[in-house]
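Engineer: Before anything else, here's the structure in question.
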Amino acid sequence: MKEQYEKPDAAKETEKGVAAKGGVFRTQGELAAYQEALAGWFRFCGRDYPWRRTCDPYAILVSETMLQQTQIATVLGRGYYSRWMEVFPHWEALAAAREEEVLKLWEGLGYYNRARNLQKVATIVIRDHGGRLPGDLESLLALPGVGRYTAGAVMSFAFNTSAPIVDGNVSRFFSRLFACEVPVDTPEGSRLAWARAEALTPLLEPRTYNSAVMELGQRICTRTSPDCPACPVEAWCEGRRRGEEARFPIRKGRPQVTPREEHVILAVREGKVLLCPESGTRRKGLWRLPEAGEEAAADLEEVVCFDYAITRYRVRLRVFLAVAGSVIEAGGGGARWFALAREDELPPLGSPYRKALRLFAEIREDLKELR
Ligand code: SF4
């Protein structure tokens, strides 16, 4: 067995530039060499993640759901995946949990509907599928929160079935590989990327191929500086052949970010903080700091201020301190006092409010006399 990764001969011998005209490889042989180059690279250089050591469909769906809008470093480094698998190791445990427990474990990952949907899937898997996640595209797409990407990931990583997957990394990689002039952020660009993924995914060992494509996009064909000399498929890359890899992907343009301000009250009394339940379906089950009207905020001291992003908004969160005797009736119906000292005893909180409490805790030594 070789001890070091070497670019395969097949790639070196292939005449550059012949492969990617019109969005397809010209011969089955070229396509097979490209697929093998990727798979060979991944066998040597692929990273070892916990979800890559298992074919358990439950574990794969949990990891894919967590990774939908969150970086690997957060999911792994901050222990979200391992904690989740410890507390809810299988469908039964997740289906039986209280929603509050589920949201608490998800706290900090954001996009809480992902957690709620996972729990709904657990219920459906037990009720309708005898405790086993179905492995076909149609049944997977019928599950809450499972879109085309997640279905493809589960099919290839759990069942080793040939299914295309396209995320932002894969789409960028294809865009350079095919020197695609169609903007990636348009319906036509998306359709093209999926069509290419479908045409290029092999029938044999799609798990390895799809893992390789994903990882290549993450680590080698990166957004700002593609490392082409280290790329196992450089020989087939039309963008590279033209010396224009950095020009791709073409984008139509990003929607404008709208600035907004949000004022909240941090009401503290005897070591407790006042929180109120979120309204609306998106954050149902979560808690937050009470909103502060302009007038109420005007008389209070601002203790914390930071920006956070949500959808197309850049929100400046301004936190005003209210102590016993001042604005304590904030929060409206359902507001309750919770002990500040132990974070794990607080109810599930939206990320900005959790961050506000953490920042407040860092300065509360100075404010001790107020509590
Ligand atoms: S050769 Fe460069 S631009 Fe082309 S796929 Fe590889 S890393 Fe990306």
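Quick note on naming: the chains in the structure tokens go A, B, ... in the order shown, residues restart at 1 in each chain, and ligands are numbered from 1 in order of appearance.
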Give the alpha helix (DSSP H) residues of range 34-261 of chain A, as DSSP finds them on the backbone, and put them as a ChimeraX atom specification.
Structural biologist: /A:34-45,57-67,72-77,80-87,91-96,99-106,113-128,137-141,148-159,168-177,187-200,206-215,238-241
Engineer: Would you mind listing the residues within 7 Å of ligand 1, counting only C-alpha atoms and all ligand atoms, as number ranges by chain?
Structural biologist: A: 173, 176-177, 220-221, 226-228, 231-234, 237, 239-240, 245
Engineer: Keeping only N, CA and C atoms, take the residues you just selected and write them out as a compact mmCIF listing (two decimals), in the first residue's frame.
Structural biologist:
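For reference, result_6.txt as written:
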# COMPACT_ATOMS: atom_id res chain seq x y z
N PHE A 173 -17.25 23.84 -7.26
CA PHE A 173 -16.31 22.92 -7.89
C PHE A 173 -16.74 22.62 -9.34
N ARG A 176 -16.15 25.50 -11.77
CA ARG A 176 -14.77 25.65 -12.24
C ARG A 176 -14.39 24.49 -13.16
N LEU A 177 -14.79 23.30 -12.78
CA LEU A 177 -14.44 22.12 -13.58
C LEU A 177 -14.95 22.27 -15.02
N ILE A 220 -9.99 21.98 -1.05
CA ILE A 220 -9.05 22.23 -2.14
C ILE A 220 -9.59 23.31 -3.09
N CYS A 221 -10.79 23.07 -3.57
CA CYS A 221 -11.37 24.04 -4.52
C CYS A 221 -12.13 25.09 -3.71
N PRO A 226 -8.40 28.45 -4.71
CA PRO A 226 -8.32 27.03 -5.05
C PRO A 226 -6.87 26.56 -5.15
N ASP A 227 -6.59 25.43 -4.51
CA ASP A 227 -5.23 24.89 -4.48
C ASP A 227 -5.08 23.89 -5.63
N CYS A 228 -4.98 24.41 -6.85
CA CYS A 228 -5.01 23.55 -8.04
C CYS A 228 -3.85 22.54 -8.10
N CYS A 231 -4.88 19.45 -6.48
CA CYS A 231 -6.20 18.94 -6.86
C CYS A 231 -6.07 17.66 -7.69
N PRO A 232 -6.75 16.59 -7.29
CA PRO A 232 -6.62 15.32 -8.01
C PRO A 232 -7.26 15.33 -9.40
N VAL A 233 -8.11 16.30 -9.67
CA VAL A 233 -8.77 16.33 -10.99
C VAL A 233 -8.36 17.56 -11.80
N GLU A 234 -7.20 18.08 -11.50
CA GLU A 234 -6.71 19.27 -12.21
C GLU A 234 -6.67 19.01 -13.73
N CYS A 237 -9.85 19.90 -15.47
CA CYS A 237 -10.52 21.15 -15.08
C CYS A 237 -10.40 22.20 -16.19
N GLY A 239 -11.70 25.25 -16.18
CA GLY A 239 -11.38 26.57 -15.62
C GLY A 239 -9.88 26.72 -15.44
N ARG A 240 -9.24 25.69 -14.94
CA ARG A 240 -7.79 25.71 -14.71
C ARG A 240 -7.05 25.75 -16.05
N GLU A 245 -9.54 29.89 -13.27
CA GLU A 245 -10.32 29.22 -12.21
C GLU A 245 -10.90 30.21 -11.20
Engineer: Between CA of Val146 in chain A and CA of Gln218 in chain A, what is the distance in Å, rounded to a tenth?
Structural biologist: 22.1 Å
Engineer: What does the distance between CA of Lys104 in chain A and CA of Arg283 in chain A come to in Å, to one decimal place?
Structural biologist: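 Result for CA of Lys104 in chain A versus CA of Arg283 in chain A: 12.6 Å, one decimal.
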Engineer: Can you tell me which residues surround Lys284 in chain A at a distance of at most 9 Å, considering only C-alpha atoms, apart from same-chain residues fewer than 4 positions away, and format the answer as a list in words?
Structural biologist: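 Using only C-alpha atoms, the neighbours found are Tyr112, Asn113, Pro277, Glu278, Ser279 and Gly280 of chain A.
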Engineer: For Leu289 in chain A, work out the shell of residues within 7 Å, counting only C-alpha atoms and skipping chain neighbours fewer than 4 positions away, then give it as a PyMOL selection string.
Structural biologist: chain A and resi 264-266+275-276+353
Engineer: Quick one: residues within 8 Å of Arg251 in chain A, only C-alpha atoms, excluding same-chain residues fewer than 6 positions away - as a PyMOL selection string?
Structural biologist: chain A and resi 183-185
Engineer: Please measure the separation of CA of Arg148 in chain A and CA of Pro164 in chain A, giving the value in Å to one decimal.
Structural biologist: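 Value for the CA of Arg148 in chain A-CA of Pro164 in chain A distance: 8.7 Å.
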Engineer: Can you list, as JSON, numbers by chain, every protein, DNA or RNA residue that comes within 10 Å of Gly152 in chain A when you count only C-alpha atoms, leaving out same-chain residues fewer than 2 positions away?
Structural biologist: {"A": [135, 136, 137, 140, 141, 146, 147, 148, 149, 150, 154, 155, 156, 157, 158, 161, 162, 163, 164, 165, 166, 210]}
Engineer: Using only C-alpha atoms, which of the listed residues (A:Ala95, A:Ala296, A:Val257, A:Ala193) sits closest to Val315 in chain A?
Structural biologist: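 Using only C-alpha atoms, the shortest distance to Val315 in chain A belongs to A:Val257.
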Engineer: When you look at Glu301 in chain A with a cut-off of 12 Å (counting only C-alpha atoms), what residues show up, excluding the ones that are within fewer than 3 positions of it in the same chain? I need them as a PyMOL selection string.
Structural biologist: chain A and resi 263-267+296-298+304-305+318-323+326-327+367
Engineer: Taking into account only C-alpha atoms, which residue in the set A:Glu92, A:Glu64, A:Asp167, A:Glu262 is nearest to Lys120 in chain A?
Structural biologist: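 The shortest atom-to-atom distance to Lys120 in chain A comes from A:Glu92.
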Engineer: Pick out the closest residue to Leu274 in chain A from this set: A:Val213, A:Phe306, A:Lys252, A:Leu357. Count only C-alpha atoms.
Structural biologist: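 Using only C-alpha atoms, the shortest distance to Leu274 in chain A belongs to A:Leu357.
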